[in-house]
$ cat query_3.txt   # compact mmCIF, C-alpha atoms
# COMPACT_ATOMS: atom_id res chain seq x y z
CA TYR T 57 0.00 0.00 0.00
CA ILE T 58 2.67 2.51 1.04
CA GLU T 59 4.95 1.64 -1.85
CA HIS T 60 2.09 2.01 -4.34
CA VAL T 61 0.88 5.33 -2.93
CA LEU T 62 4.38 6.84 -2.97
CA GLN T 63 5.16 5.56 -6.45
CA VAL T 64 1.93 7.08 -7.78
CA ALA T 65 3.12 10.35 -6.18
CA ASN T 66 6.35 10.00 -8.24
CA TYR T 67 8.66 8.95 -5.42
CA ARG T 68 11.31 6.32 -6.04
CA VAL T 69 10.70 3.68 -3.38
CA VAL T 70 12.88 0.84 -2.13
CA THR T 71 11.17 -1.55 0.27
CA ALA T 72 12.27 -4.04 2.88
CA THR T 73 10.20 -6.45 4.94
CA THR T 74 12.56 -6.69 7.92
CA VAL T 75 14.78 -4.27 9.75
CA GLU T 76 17.80 -6.36 8.84
CA ASP T 77 16.95 -6.05 5.13
CA ALA T 78 16.36 -2.32 5.51
CA TRP T 79 19.73 -1.91 7.21
CA LYS T 80 21.49 -3.72 4.35
CA ILE T 81 19.75 -1.48 1.81
CA VAL T 82 20.75 1.67 3.70
CA GLN T 83 24.35 0.51 3.90
CA ARG T 84 24.48 -0.23 0.14
CA GLN T 85 22.49 2.74 -1.13
CA GLN T 86 23.12 5.39 1.52
CA ALA T 87 24.16 8.07 -0.98
CA GLU T 88 20.92 7.63 -2.96
CA ILE T 89 18.49 7.61 -0.04
CA GLU T 90 16.85 10.88 0.97
CA LEU T 91 14.46 9.57 3.63
CA VAL T 92 13.85 6.36 5.54
CA LEU T 93 10.23 5.63 6.45
CA THR T 94 9.92 2.69 8.80
CA ASP T 95 7.25 1.12 10.91
CA ILE T 96 8.22 1.10 14.56
CA VAL T 97 7.08 -2.50 15.00
CA MET T 98 8.87 -4.70 12.47
CA PRO T 99 9.53 -8.43 12.20
CA GLY T 100 13.03 -9.43 13.15
CA SER T 101 15.37 -9.03 16.07
CA ILE T 102 15.29 -5.22 16.21
CA ASP T 103 12.56 -2.61 15.71
CA GLY T 104 12.25 0.57 13.67
CA GLU T 105 13.65 2.78 16.43
CA ASP T 106 16.74 0.57 16.66
CA LEU T 107 17.10 0.86 12.88
CA ALA T 108 16.94 4.67 13.21
CA LYS T 109 19.74 4.59 15.80
CA ARG T 110 21.93 2.52 13.47
CA ILE T 111 21.21 4.82 10.55
CA HIS T 112 22.02 7.94 12.57
CA GLN T 113 25.35 6.40 13.61
CA LEU T 114 26.12 5.75 9.93
CA ASP T 115 24.74 9.06 8.63
CA PRO T 116 23.42 11.60 11.14
CA ALA T 117 21.97 13.73 8.32
CA LEU T 118 19.75 11.00 6.85
CA PRO T 119 16.20 11.60 8.10
CA VAL T 120 14.31 8.65 9.56
CA VAL T 121 10.58 8.90 10.25
CA PHE T 122 8.05 6.41 11.49
CA ILE T 123 4.61 5.01 10.97
CA SER T 124 2.81 2.96 13.58
CA GLY T 125 -0.56 1.86 14.76
CA ALA T 126 0.81 -0.01 17.75
CA LEU T 127 1.74 2.90 20.01
CA SER T 128 -0.56 4.30 22.66
CA GLU T 129 -1.77 7.82 21.91
CA THR T 130 -1.40 8.68 25.59
CA ASP T 131 2.30 7.73 25.68
CA ASP T 132 4.55 10.79 26.12
CA HIS T 133 7.14 9.47 23.65
CA THR T 134 4.45 8.94 21.00
CA ALA T 135 3.03 12.41 21.60
CA MET T 136 6.50 13.95 21.24
CA MET T 137 7.12 12.08 17.97
CA ILE T 138 3.78 13.24 16.56
CA GLU T 139 4.42 16.83 17.66
CA LYS T 140 7.85 16.83 15.98
CA GLN T 141 6.27 15.33 12.84
CA LEU T 142 8.37 12.17 13.12
CA LEU T 143 5.42 9.78 13.35
CA LEU T 144 2.40 9.16 11.15
CA ARG T 145 -0.22 7.11 12.97
CA LYS T 146 -2.00 4.25 11.24
CA PRO T 147 -4.48 4.08 9.72
CA PHE T 148 -3.92 6.95 7.33
CA PHE T 149 -5.25 8.03 3.97
CA PRO T 150 -3.01 8.13 0.89
CA GLN T 151 -2.88 11.94 0.87
CA GLN T 152 -1.82 11.99 4.52
CA LEU T 153 1.12 9.73 3.65
CA ILE T 154 2.09 11.85 0.64
CA ASP T 155 1.87 15.03 2.72
CA PHE T 156 3.90 13.48 5.56
CA VAL T 157 6.70 12.38 3.22
CA GLY T 158 6.64 15.72 1.40
CA VAL T 159 7.05 17.62 4.67
CA GLN T 160 9.97 15.39 5.66
CA LEU T 161 11.78 15.88 2.38
CA HIS T 162 11.38 19.64 2.50
CA LYS T 163 12.17 20.28 6.17
CA GLU T 164 14.81 22.85 6.82
CA SER T 165 17.83 21.97 8.88
CA PRO T 166 18.90 24.26 11.75
CA SER T 167 21.21 26.05 9.31
CA GLY T 168 18.18 27.03 7.20
CA VAL T 169 19.08 24.75 4.32
CA ALA T 170 16.47 22.27 3.14
CA GLN T 171 17.43 18.67 3.79
$ encode --input "query_3.txt" --output "structure tokens"
Amino acid sequence: YIEHVLQVANYRVVTATTVEDAWKIVQRQQAEIELVLTDIVMPGSIDGEDLAKRIHQLDPALPVVFISGALSETDDHTAMMIEKQLLLRKPFFPQQLIDFVGVQLHKESPSGVAQ
């Protein structure tokens, strides 16, 4: 669903079904990747937040954002992620996903330069 929606919106999408596969893709294609969108809950030995930590150790400038339907809306960490526009809660409509990704790709860094 996500891959299809983003491809229709003219994004080039590379998918992975596990965190381990995603990590391998990031390592191989780091220079070509502009944004990592990961579910927080993923099959495998680590989750999406662990993947984000690995990615930020490899490339602190590579943005990583999340989707999830498994987090409690009353959790402070979840609320902070939503407020900082780092988390899109499931379920969402296609346009919400497109808008979320668009915002992430056009965020300005602290220096005022778009990432």
$ closest_atom_pairs --input "query_3.txt" --of "segment 58-108 of chain T" --to "segment 121-137 of chain T" --cutoff "6 Å" --atoms "all atoms listed in the file" --output "CSV"
residue,atom,partner,partner_atom,distance
T:Leu93,CA,T:Val121,CA,5.0
T:Thr94,CA,T:Phe122,CA,5.0
T:Asp95,CA,T:Ile123,CA,4.7
T:Ile96,CA,T:Ser124,CA,5.8
$ atom_distance --input "query_3.txt" --atom1 "atom CA of Ala117 of chain T" --atom2 "atom CA of Val82 of chain T"
13.0 Å
$ atom_distance --input "query_3.txt" --atom1 "atom CA of Val92 of chain T" --atom2 "atom CA of Ala78 of chain T"
9.0 Å
$ atom_distance --input "query_3.txt" --atom1 "atom CA of Gln63 of chain T" --atom2 "atom CA of Phe149 of chain T"
14.9 Å
$ closest_residue --input "query_3.txt" --among "T:Gln113, T:Gln83, T:Thr74, T:Gln160" --to "Gln141 of chain T" --atoms "only C-alpha atoms"
T:Gln160
$ residues_around --input "query_3.txt" --residues "His112 of chain T" --least-positions-apart "3" --cutoff "12 Å" --atoms "only C-alpha atoms" --output "PyMOL selection string"
chain T and resi 79+82-83+86+91-92+105-109+115-121
$ axis_aligned_box --input "query_3.txt" --around "segment 77-91 of chain T" --padding-each-side "3 Å" --output "JSON"
{"center_x": 19.5, "center_y": 2.4, "center_z": 2.1, "size_x": 16.0, "size_y": 22.9, "size_z": 16.2}
$ residues_near_point --input "query_3.txt" --point "(5.0, 6.9, -0.3)" --cutoff "10 Å" --atoms "only C-alpha atoms" --output "MDAnalysis selection string"
chainID T and resid 57:69 93 150:158
$ closest_residue --input "query_3.txt" --among "T:Leu144, T:Ile102, T:Val159, T:Val70" --to "Gln85 of chain T" --atoms "only C-alpha atoms"
T:Val70
$ closest_residue --input "query_3.txt" --among "T:Leu161, T:Lys140, T:Val75, T:Phe148" --to "Met98 of chain T" --atoms "only C-alpha atoms"
T:Val75
